[in-house]
Amino acid sequence: MHPKLLRRYTKLETDRKMLLAGLMHTPHDKLNYSPSGKWSVSQILTHLVTSERMSLIYMKKKSQDIDQVDNSILIESFKLLALKMSQRLPLRYKAPRVLVEPMLLPAVIKKWNTVRMDLYTFPEAMHEENIRKKIYKHPIAGRLDVLQADGVLP
């Protein structure tokens with residue numbers, strides 16, 4: 001795996017394990033409590049797993065014909081920076097409606113473990129010259145490369 005991707009993957013995994021360890025003894029009713037207009041912890045976890053899984057499916061599809069995909073250029077870096085800055089502003093965003101049913105914590109852990117193993121093995125086959133190919137698609141920032149995808153993945 002590309003060294004930058006390995007470092008980023010390791011950080012993602014460390015953060016995920018710390019999050020799940022902190023939630024292991026949280027009662028089911030607290031994980032599913034949803035204040036008006038906000039998501040519950042279970043809904044957020046399910047969204048994270050689903051987002052990673054769907055992103056990975058898209059990247060795998062795009063990398064099948066990777067020679068036809070453009071490289072990211074400076075504009076993608078600016079898009080990513082603007083996206084990150086917008087998420088740090090003290091503005092409140094209305095949570096989108098939930099698209100998938102929340103999973104119980106054991107199911108989240110099992111599914112997330114599977115997705116993360118797949119996320120780990122996916123870039124192993126990627127050649128150095130393809131690292132900057134725009135194979136990731138963010139709903140707001142648009143097409144980004146696999147290194148930039150890390151900046152927007154949960």
# chains A, B, ... in the order shown; residues from 1 in each chain; ligands from 1

call {"tool": "closest_atom_pairs", "arguments": {"of": "stretch 22-72 of chain A", "to": "stretch 132-150 of chain A", "cutoff": "6 Å", "atoms": "only C-alpha atoms", "output": "tab-separated table"}}
result
residue	atom	partner	partner_atom	distance
A:Met59	CA	A:Ile135	CA	5.1
A:Lys62	CA	A:Ile135	CA	5.3
A:Asp70	CA	A:Lys133	CA	5.6
A:Asn71	CA	A:Lys133	CA	4.2
A:Ser72	CA	A:Arg132	CA	5.6

call {"tool": "residues_around", "arguments": {"residues": "A:Ile44", "least_positions_apart": "6", "cutoff": "10 Å", "atoms": "only C-alpha atoms", "output": "list of chain:residue names"}}
result
A:Leu31, A:Asn32, A:Lys38, A:Thr50, A:Val98, A:Pro102, A:Met103

call {"tool": "residues_around", "arguments": {"residues": "A:Arg16", "least_positions_apart": "6", "cutoff": "12 Å", "atoms": "only C-alpha atoms", "output": "PDB file with C-alpha atoms, in the first residue's frame"}}
result
ATOM      1  CA  TYR A   9      -5.749   4.120   7.033  1.00  0.00           C
ATOM      2  CA  THR A  10      -3.968   3.479  10.340  1.00  0.00           C
ATOM      3  CA  GLY A  22     -16.167   4.139  24.027  1.00  0.00           C
ATOM      4  CA  LEU A  23     -19.605   2.963  22.916  1.00  0.00           C
ATOM      5  CA  LEU A  45     -22.784   4.907  13.007  1.00  0.00           C
ATOM      6  CA  LEU A  48     -20.622   6.116   8.575  1.00  0.00           C
ATOM      7  CA  VAL A  49     -20.490   2.428   7.666  1.00  0.00           C
ATOM      8  CA  VAL A 108     -22.323  -2.081  12.989  1.00  0.00           C
ATOM      9  CA  ILE A 109     -19.043  -3.481  14.298  1.00  0.00           C
ATOM     10  CA  TRP A 112     -17.542  -1.954   9.649  1.00  0.00           C
ATOM     11  CA  ASN A 113     -14.833  -4.574  10.203  1.00  0.00           C
ATOM     12  CA  ARG A 116     -12.388  -1.678   6.687  1.00  0.00           C
ATOM     13  CA  LEU A 153     -14.245  10.058   4.746  1.00  0.00           C
ATOM     14  CA  PRO A 154     -15.728   9.856   8.182  1.00  0.00           C
TER      15      PRO A 154
END

call {"tool": "closest_residue", "arguments": {"among": "A:His25, A:Arg88, A:Pro123, A:Glu128", "to": "A:Leu5", "atoms": "only C-alpha atoms"}}
result
A:Pro123

call {"tool": "atom_distance", "arguments": {"atom1": "atom CA of A:Gly37", "atom2": "atom CA of A:Leu91"}}
result
15.5 Å

call {"tool": "residues_around", "arguments": {"residues": "A:Tyr33", "least_positions_apart": "5", "cutoff": "12 Å", "atoms": "only C-alpha atoms", "output": "number ranges by chain"}}
result
A: 26-28, 38-44, 102

call {"tool": "select_by_dssp", "arguments": {"residues": "chain A", "states": "helix (DSSP H, G or I)", "output": "PyMOL selection string"}}
result
chain A and resi 3-23+28-31+41-63+66-68+74-88+105-125+128-130+146-152

call {"tool": "select_by_dssp", "arguments": {"residues": "chain A", "states": "strand (DSSP E or B)", "output": "JSON, numbers by chain"}}
result
{"A": [71, 133, 136, 137, 138, 142, 143, 144]}
